[in-house]
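**Student:** Got a file for you: run33.txt, compact mmCIF, C-alpha atoms.
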# COMPACT_ATOMS: atom_id res chain seq x y z
CA MET A 1 0.00 0.00 0.00
CA ILE A 2 1.05 3.60 -0.35
CA ASP A 3 2.99 5.51 2.33
CA LEU A 4 0.61 7.64 4.43
CA ARG A 5 3.40 9.92 5.60
CA ALA A 6 4.35 10.72 2.01
CA LEU A 7 0.66 11.25 1.20
CA ARG A 8 0.33 13.85 3.98
CA GLU A 9 3.46 15.67 2.83
CA ASP A 10 2.51 15.86 -0.85
CA PRO A 11 -1.00 14.65 -1.75
CA ALA A 12 -0.61 16.09 -5.27
CA VAL A 13 1.64 13.16 -6.21
CA LEU A 14 -1.12 10.60 -5.61
CA ARG A 15 -3.68 12.83 -7.32
CA ALA A 16 -1.50 12.94 -10.45
CA SER A 17 -0.87 9.18 -10.31
CA GLN A 18 -4.58 8.44 -10.05
CA ARG A 19 -5.38 10.70 -12.99
CA ALA A 20 -2.63 9.10 -15.11
CA ARG A 21 -4.15 5.67 -14.37
CA GLY A 22 -7.65 6.88 -15.18
CA GLU A 23 -8.66 6.32 -11.56
CA ASP A 24 -10.64 8.51 -9.16
CA ASP A 25 -8.37 11.17 -7.63
CA GLY A 26 -11.09 12.00 -5.10
CA VAL A 27 -9.79 9.07 -3.06
CA VAL A 28 -6.97 11.38 -1.91
CA ASP A 29 -9.41 13.63 -0.02
CA ARG A 30 -11.15 10.61 1.49
CA LEU A 31 -7.80 9.18 2.63
CA LEU A 32 -6.68 12.48 4.17
CA ASP A 33 -10.01 12.93 5.93
CA LEU A 34 -9.99 9.41 7.37
CA ASP A 35 -6.34 9.69 8.33
CA GLY A 36 -7.00 12.98 10.14
CA ARG A 37 -10.00 11.61 12.02
CA ARG A 38 -8.13 8.43 12.96
CA ARG A 39 -5.16 10.40 14.29
CA SER A 40 -7.49 12.66 16.25
CA ALA A 41 -9.28 9.61 17.69
CA LEU A 42 -5.96 8.06 18.66
CA SER A 43 -4.92 11.30 20.42
CA SER A 44 -8.20 11.35 22.33
CA PHE A 45 -7.77 7.72 23.33
CA GLU A 46 -4.20 8.29 24.53
CA ARG A 47 -5.22 11.41 26.49
CA MET A 48 -8.12 9.60 28.15
CA ARG A 49 -6.00 6.57 28.97
CA SER A 50 -3.38 8.81 30.56
CA GLU A 51 -6.10 10.53 32.59
CA GLN A 52 -7.44 7.13 33.61
CA LYS A 53 -4.05 6.03 34.91
CA SER A 54 -3.60 9.24 36.90
CA PHE A 55 -7.13 8.98 38.25
CA GLY A 56 -6.45 5.41 39.35
CA LYS A 57 -3.70 6.65 41.66
CA SER A 58 -6.11 9.11 43.26
CA VAL A 59 -8.66 6.36 43.86
CA SER A 60 -6.09 4.19 45.62
CA LYS A 61 -5.31 7.00 48.09
CA ALA A 62 -8.91 8.05 48.82
CA GLN A 63 -11.15 6.69 51.58
CA GLY A 64 -14.81 6.62 52.58
CA ASP A 65 -17.37 8.60 50.61
CA GLU A 66 -14.67 10.29 48.55
CA ARG A 67 -13.43 6.89 47.41
CA GLN A 68 -16.92 5.79 46.38
CA ALA A 69 -17.41 8.93 44.30
CA LEU A 70 -14.05 8.47 42.67
CA LEU A 71 -14.85 4.86 41.86
CA VAL A 72 -18.01 5.98 40.04
CA ARG A 73 -15.97 8.48 38.05
CA ALA A 74 -13.30 5.82 37.33
CA LYS A 75 -15.98 3.55 35.89
CA GLU A 76 -17.19 6.37 33.64
CA LEU A 77 -13.63 7.05 32.51
CA ALA A 78 -13.05 3.38 31.75
CA GLN A 79 -16.13 3.34 29.51
CA GLN A 80 -15.00 6.52 27.74
CA VAL A 81 -11.56 5.04 27.17
CA LYS A 82 -13.12 1.88 25.77
CA GLU A 83 -15.32 3.88 23.41
CA ALA A 84 -12.40 6.07 22.28
CA GLU A 85 -10.30 3.00 21.55
CA ALA A 86 -13.15 1.40 19.61
CA GLU A 87 -13.60 4.56 17.54
CA ALA A 88 -9.86 4.73 16.76
CA ASP A 89 -9.90 1.05 15.78
CA ARG A 90 -12.99 1.53 13.59
CA LEU A 91 -11.45 4.46 11.75
CA GLY A 92 -8.16 2.59 11.44
CA ALA A 93 -9.91 -0.41 9.85
CA GLU A 94 -11.85 1.88 7.49
CA LEU A 95 -8.65 3.66 6.48
CA ASP A 96 -6.84 0.37 5.95
CA GLU A 97 -9.63 -0.95 3.75
CA LEU A 98 -9.60 2.20 1.62
CA LEU A 99 -5.80 2.12 1.38
CA ARG A 100 -5.81 -1.46 0.14
CA GLY A 101 -7.94 -0.43 -2.81
CA VAL A 102 -5.57 2.33 -3.91
CA PRO A 103 -3.02 1.29 -6.56
CA ASN A 104 0.67 2.05 -6.33
CA LEU A 105 2.05 5.45 -7.24
CA ILE A 106 3.29 5.37 -10.81
CA GLU A 107 6.95 6.06 -11.41
CA GLU A 108 7.88 9.41 -12.91
CA GLY A 109 8.15 8.99 -16.67
CA ALA A 110 5.54 6.25 -17.01
CA PRO A 111 3.20 7.20 -19.89
CA PRO A 112 -0.36 8.17 -18.91
CA GLY A 113 -3.42 6.66 -20.55
CA GLY A 114 -4.94 3.26 -21.24
CA GLU A 115 -4.00 -0.01 -22.87
CA GLN A 116 -3.25 1.47 -26.30
CA ASP A 117 -1.22 4.41 -24.99
CA PHE A 118 2.03 2.49 -24.50
CA VAL A 119 5.32 3.90 -25.80
CA VAL A 120 7.59 1.79 -27.99
CA LEU A 121 11.12 2.05 -26.57
CA ASP A 122 12.98 -0.24 -28.95
CA THR A 123 12.43 -2.66 -31.83
CA VAL A 124 14.89 -5.50 -32.31
CA GLY A 125 15.24 -7.78 -35.34
CA GLU A 126 13.29 -7.98 -38.56
CA PRO A 127 10.11 -10.03 -38.94
CA PRO A 128 10.81 -13.04 -41.18
CA ALA A 129 10.02 -12.69 -44.90
CA PHE A 130 8.50 -16.00 -46.01
CA ASP A 131 8.29 -17.06 -49.63
CA PHE A 132 5.35 -19.30 -48.69
CA GLU A 133 2.08 -18.89 -46.79
CA PRO A 134 3.10 -19.25 -43.11
CA LYS A 135 1.11 -21.56 -40.85
CA ASP A 136 -0.01 -20.51 -37.40
CA HIS A 137 1.45 -22.13 -34.29
CA LEU A 138 -1.46 -24.54 -33.80
CA GLU A 139 -1.36 -25.89 -37.34
CA LEU A 140 2.41 -26.29 -37.01
CA GLY A 141 2.12 -27.79 -33.54
CA GLU A 142 -0.44 -30.37 -34.62
CA ALA A 143 1.64 -31.39 -37.64
CA LEU A 144 4.72 -31.72 -35.44
CA GLY A 145 2.84 -33.81 -32.88
CA ALA A 146 3.59 -31.04 -30.39
CA ILE A 147 0.19 -29.61 -29.37
CA ASP A 148 -3.10 -31.43 -28.78
CA MET A 149 -5.93 -29.01 -28.09
CA GLU A 150 -8.70 -31.49 -28.89
CA ARG A 151 -7.80 -33.91 -26.11
CA GLY A 152 -7.06 -31.01 -23.75
CA ALA A 153 -10.63 -29.83 -24.23
CA LYS A 154 -11.97 -33.39 -23.91
CA VAL A 155 -10.21 -33.95 -20.59
CA SER A 156 -10.34 -30.47 -19.00
CA GLY A 157 -12.44 -28.11 -21.12
CA ALA A 158 -11.80 -25.05 -23.26
CA ARG A 159 -8.39 -23.34 -23.10
CA PHE A 160 -6.64 -26.50 -21.91
CA TYR A 161 -4.18 -28.49 -24.01
CA TYR A 162 -1.54 -31.18 -24.04
CA LEU A 163 2.06 -30.52 -25.05
CA THR A 164 3.18 -33.80 -26.57
CA GLY A 165 6.39 -35.19 -28.01
CA VAL A 166 8.60 -32.38 -29.28
CA GLY A 167 6.13 -29.86 -27.82
CA ALA A 168 6.90 -31.06 -24.30
CA ARG A 169 10.60 -31.21 -25.16
CA LEU A 170 10.56 -27.68 -26.56
CA GLN A 171 8.93 -26.26 -23.45
CA HIS A 172 11.40 -28.08 -21.19
CA ALA A 173 14.28 -26.78 -23.32
CA LEU A 174 13.01 -23.21 -23.20
CA LEU A 175 12.44 -23.15 -19.46
CA ASN A 176 15.73 -24.93 -18.76
CA LEU A 177 17.55 -22.29 -20.82
CA ALA A 178 15.84 -19.57 -18.77
CA MET A 179 16.76 -21.23 -15.48
CA GLU A 180 20.35 -21.69 -16.63
CA GLN A 181 20.66 -18.02 -17.57
CA ALA A 182 19.18 -16.82 -14.27
CA ILE A 183 21.39 -19.09 -12.17
CA GLU A 184 24.47 -17.89 -14.05
CA ALA A 185 23.39 -14.32 -13.25
CA GLY A 186 23.30 -15.16 -9.52
CA PHE A 187 19.61 -15.88 -8.97
CA VAL A 188 18.69 -18.52 -6.38
CA PRO A 189 16.56 -21.19 -8.11
CA MET A 190 13.27 -22.22 -6.51
CA TYR A 191 10.22 -24.43 -7.03
CA PRO A 192 7.54 -22.54 -5.06
CA PRO A 193 4.10 -23.73 -3.93
CA VAL A 194 1.34 -22.92 -6.40
CA LEU A 195 -1.35 -22.80 -3.72
CA VAL A 196 -1.17 -19.83 -1.36
CA LYS A 197 -3.12 -18.34 1.54
CA PRO A 198 -5.38 -15.30 1.06
CA GLU A 199 -2.91 -13.00 2.84
CA SER A 200 -0.20 -13.93 0.35
CA MET A 201 -2.45 -13.31 -2.63
CA GLU A 202 -3.84 -10.07 -1.25
CA GLY A 203 -0.42 -8.88 -0.11
CA THR A 204 0.86 -8.94 -3.67
CA GLY A 205 -2.18 -7.03 -4.93
CA PHE A 206 -3.98 -9.78 -6.85
CA LEU A 207 -7.29 -9.72 -4.98
CA GLY A 208 -8.34 -6.26 -6.09
CA ALA A 209 -9.30 -5.40 -9.65
CA HIS A 210 -7.92 -8.72 -10.95
CA ALA A 211 -9.58 -11.00 -8.40
CA ALA A 212 -11.80 -12.46 -11.14
CA GLU A 213 -8.69 -13.90 -12.80
CA VAL A 214 -7.75 -16.01 -9.77
CA TYR A 215 -8.84 -19.58 -9.06
CA GLN A 216 -9.96 -20.08 -5.47
CA LEU A 217 -10.28 -23.37 -3.59
CA ARG A 218 -12.94 -22.27 -1.15
CA GLN A 219 -12.99 -25.43 0.95
CA GLU A 220 -9.29 -25.05 1.79
CA ASP A 221 -9.29 -21.21 1.63
CA LEU A 222 -6.35 -21.28 -0.77
CA TYR A 223 -5.68 -19.73 -4.16
CA LEU A 224 -3.93 -21.09 -7.25
CA VAL A 225 -1.25 -18.64 -8.34
CA GLY A 226 -1.37 -16.95 -11.72
CA THR A 227 2.34 -16.24 -11.43
CA SER A 228 5.09 -17.35 -9.05
CA GLU A 229 5.53 -13.66 -8.25
CA VAL A 230 2.98 -14.34 -5.49
CA PRO A 231 4.82 -17.04 -3.50
CA LEU A 232 8.14 -15.31 -4.13
CA ALA A 233 6.86 -11.97 -2.83
CA ALA A 234 5.41 -13.70 0.25
CA TYR A 235 8.57 -15.78 0.84
CA HIS A 236 10.01 -13.15 3.21
CA MET A 237 6.65 -11.99 4.60
CA ASP A 238 6.98 -10.57 8.16
CA GLU A 239 10.78 -10.69 7.96
CA ILE A 240 13.62 -8.18 8.23
CA LEU A 241 16.27 -8.82 5.57
CA ASP A 242 19.88 -8.23 6.52
CA GLU A 243 21.26 -8.27 2.99
CA LEU A 244 20.07 -6.78 -0.30
CA PRO A 245 19.52 -7.38 -3.13
CA ARG A 246 18.04 -10.87 -2.95
CA ARG A 247 17.20 -12.41 -6.30
CA TYR A 248 15.18 -15.58 -6.84
CA VAL A 249 14.08 -17.40 -9.97
CA ALA A 250 11.16 -19.82 -9.91
CA TRP A 251 9.81 -22.41 -12.33
CA SER A 252 6.15 -23.12 -11.72
CA SER A 253 2.83 -23.91 -13.29
CA CYS A 254 0.47 -20.93 -13.33
CA PHE A 255 -3.32 -20.77 -13.48
CA ARG A 256 -5.60 -18.02 -14.75
CA ARG A 257 -9.36 -17.99 -15.22
CA GLU A 258 -9.15 -15.63 -18.21
CA ALA A 259 -12.39 -14.04 -17.06
CA GLY A 260 -13.69 -11.50 -19.55
CA SER A 261 -11.69 -12.98 -22.43
CA TYR A 262 -14.60 -14.77 -24.09
CA GLY A 263 -13.94 -14.90 -27.81
CA LYS A 264 -10.35 -13.65 -27.50
CA ASP A 265 -7.44 -15.84 -28.64
CA THR A 266 -9.54 -18.99 -28.60
CA ARG A 267 -7.24 -20.74 -31.07
CA GLY A 268 -4.09 -22.38 -29.79
CA ILE A 269 -2.06 -21.70 -26.65
CA ILE A 270 -1.86 -17.91 -26.52
CA ARG A 271 -4.52 -17.43 -23.84
CA VAL A 272 -4.99 -20.54 -21.71
CA HIS A 273 -5.92 -21.52 -18.16
CA GLN A 274 -2.67 -23.32 -17.30
CA PHE A 275 0.89 -22.70 -18.43
CA ASP A 276 4.45 -22.93 -17.16
CA LYS A 277 6.66 -19.94 -16.47
CA VAL A 278 10.12 -19.03 -15.24
CA GLU A 279 9.87 -15.85 -13.17
CA MET A 280 12.60 -13.62 -11.76
CA PHE A 281 11.98 -11.83 -8.48
CA SER A 282 14.10 -9.27 -6.68
CA TYR A 283 14.09 -7.66 -3.25
CA CYS A 284 16.24 -4.54 -3.20
CA ASP A 285 16.80 -1.18 -1.55
CA PRO A 286 14.11 1.22 -2.81
CA ALA A 287 16.86 3.61 -3.89
CA ASP A 288 18.12 0.94 -6.31
CA ALA A 289 14.71 -0.14 -7.65
CA HIS A 290 14.78 1.80 -10.92
CA ALA A 291 18.21 0.46 -11.85
CA GLU A 292 17.18 -3.06 -10.82
CA HIS A 293 14.14 -2.80 -13.06
CA LEU A 294 16.34 -2.05 -16.07
CA ARG A 295 18.54 -5.05 -15.16
CA LEU A 296 15.54 -7.37 -15.21
CA LEU A 297 14.54 -6.00 -18.59
CA GLU A 298 18.03 -6.65 -19.95
CA TRP A 299 17.92 -10.26 -18.75
CA GLU A 300 14.60 -10.70 -20.56
CA ARG A 301 16.08 -9.23 -23.72
CA GLU A 302 19.06 -11.56 -23.43
CA MET A 303 16.70 -14.54 -23.42
CA LEU A 304 14.81 -13.28 -26.46
CA ALA A 305 18.08 -12.90 -28.33
CA LYS A 306 19.01 -16.50 -27.49
CA VAL A 307 15.84 -17.86 -29.07
CA GLU A 308 16.32 -15.59 -32.09
CA LEU A 309 12.99 -13.76 -31.98
CA PRO A 310 12.19 -10.33 -33.41
CA TYR A 311 10.57 -8.22 -30.69
CA ARG A 312 9.84 -4.77 -29.40
CA VAL A 313 9.99 -3.24 -25.93
CA ILE A 314 7.11 -1.09 -24.72
CA ASP A 315 6.67 1.20 -21.74
CA VAL A 316 3.20 0.22 -20.52
CA ALA A 317 0.77 3.10 -19.95
CA ALA A 318 -0.34 3.87 -16.41
CA GLY A 319 -3.93 2.80 -16.98
CA ASP A 320 -2.77 -0.66 -18.05
CA LEU A 321 -0.54 -1.27 -15.01
CA GLY A 322 -1.60 -3.72 -12.34
CA ALA A 323 -2.40 -2.31 -8.91
CA SER A 324 1.06 -3.15 -7.54
CA ALA A 325 3.20 -1.84 -10.39
CA ALA A 326 4.69 1.64 -10.45
CA ARG A 327 6.07 0.96 -13.91
CA LYS A 328 6.09 -1.95 -16.32
CA TYR A 329 8.01 -2.83 -19.45
CA ASP A 330 6.74 -5.54 -21.80
CA CYS A 331 8.67 -7.34 -24.50
CA GLU A 332 6.41 -8.33 -27.38
CA ALA A 333 7.52 -10.94 -29.93
CA TRP A 334 6.45 -10.84 -33.54
CA VAL A 335 3.71 -13.34 -34.45
CA PRO A 336 3.76 -13.71 -38.26
CA THR A 337 0.25 -15.05 -38.84
CA GLN A 338 -1.26 -12.28 -36.73
CA ASN A 339 0.99 -9.66 -38.33
CA THR A 340 1.55 -8.05 -34.95
CA TYR A 341 3.60 -8.16 -31.77
CA ARG A 342 2.27 -10.10 -28.75
CA GLU A 343 3.46 -9.91 -25.15
CA VAL A 344 5.91 -12.61 -24.11
CA THR A 345 7.62 -10.98 -21.12
CA SER A 346 6.69 -8.41 -18.54
CA THR A 347 8.78 -6.81 -15.80
CA SER A 348 7.29 -4.62 -13.07
CA ASN A 349 8.78 -2.35 -10.45
CA CYS A 350 6.41 -2.57 -7.50
CA THR A 351 8.53 -0.20 -5.36
CA GLU A 352 7.52 -0.56 -1.67
CA PHE A 353 3.85 -1.32 -2.37
CA GLN A 354 3.91 -5.11 -1.86
CA ALA A 355 6.51 -4.97 0.89
CA ARG A 356 4.34 -2.68 3.01
CA ARG A 357 1.40 -5.06 2.69
CA LEU A 358 3.56 -8.13 3.38
CA ALA A 359 5.76 -6.49 6.06
CA VAL A 360 9.06 -7.23 4.31
CA ARG A 361 11.68 -4.83 5.64
CA HIS A 362 15.40 -4.12 5.77
CA ARG A 363 17.59 -2.03 8.07
CA ASP A 364 18.68 1.25 6.55
CA ALA A 365 22.00 3.02 7.14
CA ASP A 366 20.64 4.42 10.43
CA GLY A 367 19.57 0.99 11.64
CA LYS A 368 15.86 1.72 11.17
CA ASN A 369 13.51 -0.86 9.67
CA GLN A 370 12.20 0.26 6.28
CA PRO A 371 10.15 -1.48 3.55
CA VAL A 372 12.15 -3.03 0.72
CA ALA A 373 11.29 -2.68 -2.97
CA THR A 374 10.06 -5.72 -4.90
CA LEU A 375 10.38 -6.35 -8.62
CA ASN A 376 9.43 -9.19 -10.93
CA GLY A 377 10.14 -10.23 -14.49
CA THR A 378 9.18 -13.06 -16.85
CA LEU A 379 12.10 -15.00 -18.32
CA ALA A 380 10.16 -17.58 -20.35
CA THR A 381 6.64 -18.99 -20.59
CA THR A 382 4.68 -21.55 -22.60
CA ARG A 383 3.44 -18.68 -24.80
CA TRP A 384 6.97 -18.22 -26.19
CA MET A 385 6.42 -21.42 -28.15
CA VAL A 386 3.87 -19.56 -30.31
CA ALA A 387 6.52 -17.11 -31.52
CA ILE A 388 9.26 -19.74 -31.78
CA LEU A 389 7.19 -22.08 -33.94
CA GLU A 390 5.84 -19.36 -36.21
CA ASN A 391 9.04 -17.35 -36.73
CA HIS A 392 11.28 -20.39 -37.27
CA GLN A 393 8.96 -22.41 -39.55
CA ARG A 394 9.98 -23.67 -42.97
CA ALA A 395 8.01 -24.28 -46.14
CA ASP A 396 7.80 -28.04 -45.53
CA GLY A 397 6.23 -27.55 -42.07
CA SER A 398 9.45 -28.24 -40.15
CA VAL A 399 10.72 -25.76 -37.58
CA HIS A 400 14.31 -24.58 -37.07
CA VAL A 401 15.45 -24.95 -33.45
CA PRO A 402 17.39 -21.91 -32.18
CA GLU A 403 20.97 -22.90 -31.40
CA ALA A 404 20.74 -22.02 -27.70
CA LEU A 405 17.92 -24.57 -27.24
CA ARG A 406 19.55 -27.48 -29.04
CA LYS A 407 21.62 -28.78 -26.13
CA PHE A 408 18.41 -29.12 -24.10
CA ILE A 409 16.12 -30.55 -26.78
CA GLY A 410 18.73 -32.58 -28.65
CA LEU A 411 17.37 -31.58 -32.07
CA ASP A 412 18.33 -29.05 -34.73
CA VAL A 413 15.00 -29.23 -36.53
CA LEU A 414 11.49 -30.23 -35.51
CA GLU A 415 10.01 -32.42 -38.25
CA PRO A 416 6.34 -33.13 -39.00
CA VAL A 417 5.22 -36.55 -37.82
CA LYS A 418 3.49 -39.17 -39.91
CA ARG A 419 -0.13 -39.71 -38.96
For this file, produce the structure as C-alpha cells.

**Tutor:**
Amino acid sequence: MIDLRALREDPAVLRASQRARGEDDGVVDRLLDLDGRRRSALSSFERMRSEQKSFGKSVSKAQGDERQALLVRAKELAQQVKEAEAEADRLGAELDELLRGVPNLIEEGAPPGGEQDFVVLDTVGEPPAFDFEPKDHLELGEALGAIDMERGAKVSGARFYYLTGVGARLQHALLNLAMEQAIEAGFVPMYPPVLVKPESMEGTGFLGAHAAEVYQLRQEDLYLVGTSEVPLAAYHMDEILDELPRRYVAWSSCFRREAGSYGKDTRGIIRVHQFDKVEMFSYCDPADAHAEHLRLLEWEREMLAKVELPYRVIDVAAGDLGASAARKYDCEAWVPTQNTYREVTSTSNCTEFQARRLAVRHRDADGKNQPVATLNGTLATTRWMVAILENHQRADGSVHVPEALRKFIGLDVLEPVKR
C-alpha cells in the first residue's frame, strides 16, 4: 500500500498518479479525511488513557465517601476510554480498507493513458520474410505432434491443451535455458508452492481489480497462483532482511481464469488456463529499484536474443498497469500469422507497495527498519512457443530450433510426424 506519511506531505503526487491511471483522484481527499479523524481519535484515546491512569492513583489513596465517588468516576472514565479506543480502531480499519484499494504510485516517466497508450522504446530484429504462406502455431504444432488441443478440451475443457512429443521437449528446453541463464546471473533457483493463503495473494495485490482472474479453492481457503511472483513476494513476509539485493528465480505452473476474455485468442495456446513460467523476483533497496528494473529488462532481452525472436519493448501506460506496479516494461515478440507483436515478457517495479502489505523490511544506514522494494520479471513462458514455432517455420512444415535450445532438446529441426 502507499505511504501515508508521504501522502500527507505531498498529496498532489497521488492525485496525479490516479489521474494518469484513469482512476478517481477523489480518493486522496477521502484518505486524508480518514487519516486525520483516525489520528485525532488516537490522540483522544491516549489522552483519556493517561487521565485514567492518573485517576487510578487518586482512587487508591482516597477513603470513605470520597473513594466511592471516585470509583463511580473511574468507571465512567473506563467506559469513555473503551469507546475512544473502539472509535480509533474503527477508523483505522476503514482507512486500511480504503488504502488497500488504492493502486501504487506510478513512477515518474511512465506514460499516462490506457492499454493502447504504450510507448515503444525499442524494436529488435526484422520479422521473417517467407516465400510461402506461413502456418499458425497450432497448425504447425499439430503437424509436429507437439500440441493437442482437442484432447485437452476433452479432458479439461476449453483453453486447456496437451504438449506432446517435441512440444513437451521444446517447453522443457526453453524453461531450462531460462533457469540456466538466471542461475548464471546469480539468482537462487526455486520451485515454489502454487497454492497460497489469502494474505499472500492479497499482499501482492492480486485480490483487487484482478480477483476475477484467480482460481480459489474455497474449501481449503487457498488460491492457485497466476504467477510465481505471489509465493516469491510472500517468501520473506513478516521478515527483516539483513542483505540486499536478494534475487530468486522460480519455475512453476500458473493458473488463470481468463475471465472476460470470451472470444479472444480462442485458437491455440496464446490465452490458456494453465501454463508454465520461469519468473525472476528481486528484493532490493528502494533507492536501487529503478536500476534493478532495467537489469531485469536486460535479462529478458538476453533470453529473447538467445531464441532468435524479433521483438519490441514497450513502456506500458499507467492505466494498463496492475495495482502493484509503479512501472512496467513488456517485451512483445512478432507473431507472423497475426501480423503483430504479442506480449511474451513483462517486468514490473512494485517499489515498496507489496513490501508494506507483506511487512518485508530491511535495516537502513541508520539501523531503522524500512520497507524493501520488490520487482518481478518473466524470463520464459509456454506462450513463447507460439513465436518460436511461427518465426522459425519452414516451407515443408518443419521448424528450425534456435541454437541455444539445441543442447536441451537434442534436435536441430522439428520435423512433421506421420499420422

**Student:** Would you tabulate, counting only C-alpha atoms, all residues of stretch 92-166 of chain A that have an atom at most 10 Å from an atom of stretch 335-347 of chain A, showing the closest pair of atoms and their distance in Å to one decimal, sorted by chain then ascending number, as a tab-separated table?

**Tutor:**
residue	atom	partner	partner_atom	distance
A:Pro127	CA	A:Pro336	CA	7.4
A:Pro128	CA	A:Pro336	CA	7.7
A:Ala129	CA	A:Pro336	CA	9.2
A:Phe130	CA	A:Pro336	CA	9.4
A:Glu133	CA	A:Thr337	CA	9.0
A:Pro134	CA	A:Thr337	CA	6.6
A:Lys135	CA	A:Thr337	CA	6.9
A:Asp136	CA	A:Thr337	CA	5.7
A:His137	CA	A:Thr337	CA	8.5

**Student:** With C-alpha atoms retained, could you export that selection as a PDB file, keeping the file's coordinate frame?

**Tutor:**
ATOM      1  CA  PRO A 127      10.110 -10.030 -38.940  1.00  0.00           C
ATOM      2  CA  PRO A 128      10.810 -13.040 -41.180  1.00  0.00           C
ATOM      3  CA  ALA A 129      10.020 -12.690 -44.900  1.00  0.00           C
ATOM      4  CA  PHE A 130       8.500 -16.000 -46.010  1.00  0.00           C
ATOM      5  CA  GLU A 133       2.080 -18.890 -46.790  1.00  0.00           C
ATOM      6  CA  PRO A 134       3.100 -19.250 -43.110  1.00  0.00           C
ATOM      7  CA  LYS A 135       1.110 -21.560 -40.850  1.00  0.00           C
ATOM      8  CA  ASP A 136      -0.010 -20.510 -37.400  1.00  0.00           C
ATOM      9  CA  HIS A 137       1.450 -22.130 -34.290  1.00  0.00           C
TER      10      HIS A 137
END

**Student:** Choose the residue, out of A:Val313, A:Arg267, A:Asp238, A:Leu138, that has the smallest atom-to-atom separation from A:Leu121; count only C-alpha atoms.

**Tutor:**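 Residue with the minimum atom-to-atom distance to A:Leu121: A:Val313.
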
**Student:** Report, in Å with one decimal, the straight-line distance from atom CA of A:Tyr191 to atom CA of A:Trp251.

**Tutor:**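 Pair atom CA of A:Tyr191 / atom CA of A:Trp251 returns 5.7 Å.
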
**Student:** Measuring atom to atom with all atoms listed in the file, identify which of A:Ala380, A:Phe45, A:Ala355, A:Gly92 is nearest to A:Ala78.

**Tutor:**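 That would be A:Phe45, the residue with the smallest distance to A:Ala78.
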
**Student:** With only C-alpha atoms as the atoms that count, which of A:Asp288, A:Ala212, A:Ile314, A:Gly167 lies nearest to A:Ile388?

**Tutor:**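 Counting only C-alpha atoms, the residue closest to A:Ile388 is A:Gly167.
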
**Student:** Might you pull out every residue within 9 Å of A:Ala16, with only C-alpha atoms counted and same-chain residues fewer than 6 positions away left off, and present them as a list in words?

**Tutor:**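 Surrounding residues, per the criterion: Asp25, Leu105 and Ile106 of chain A.
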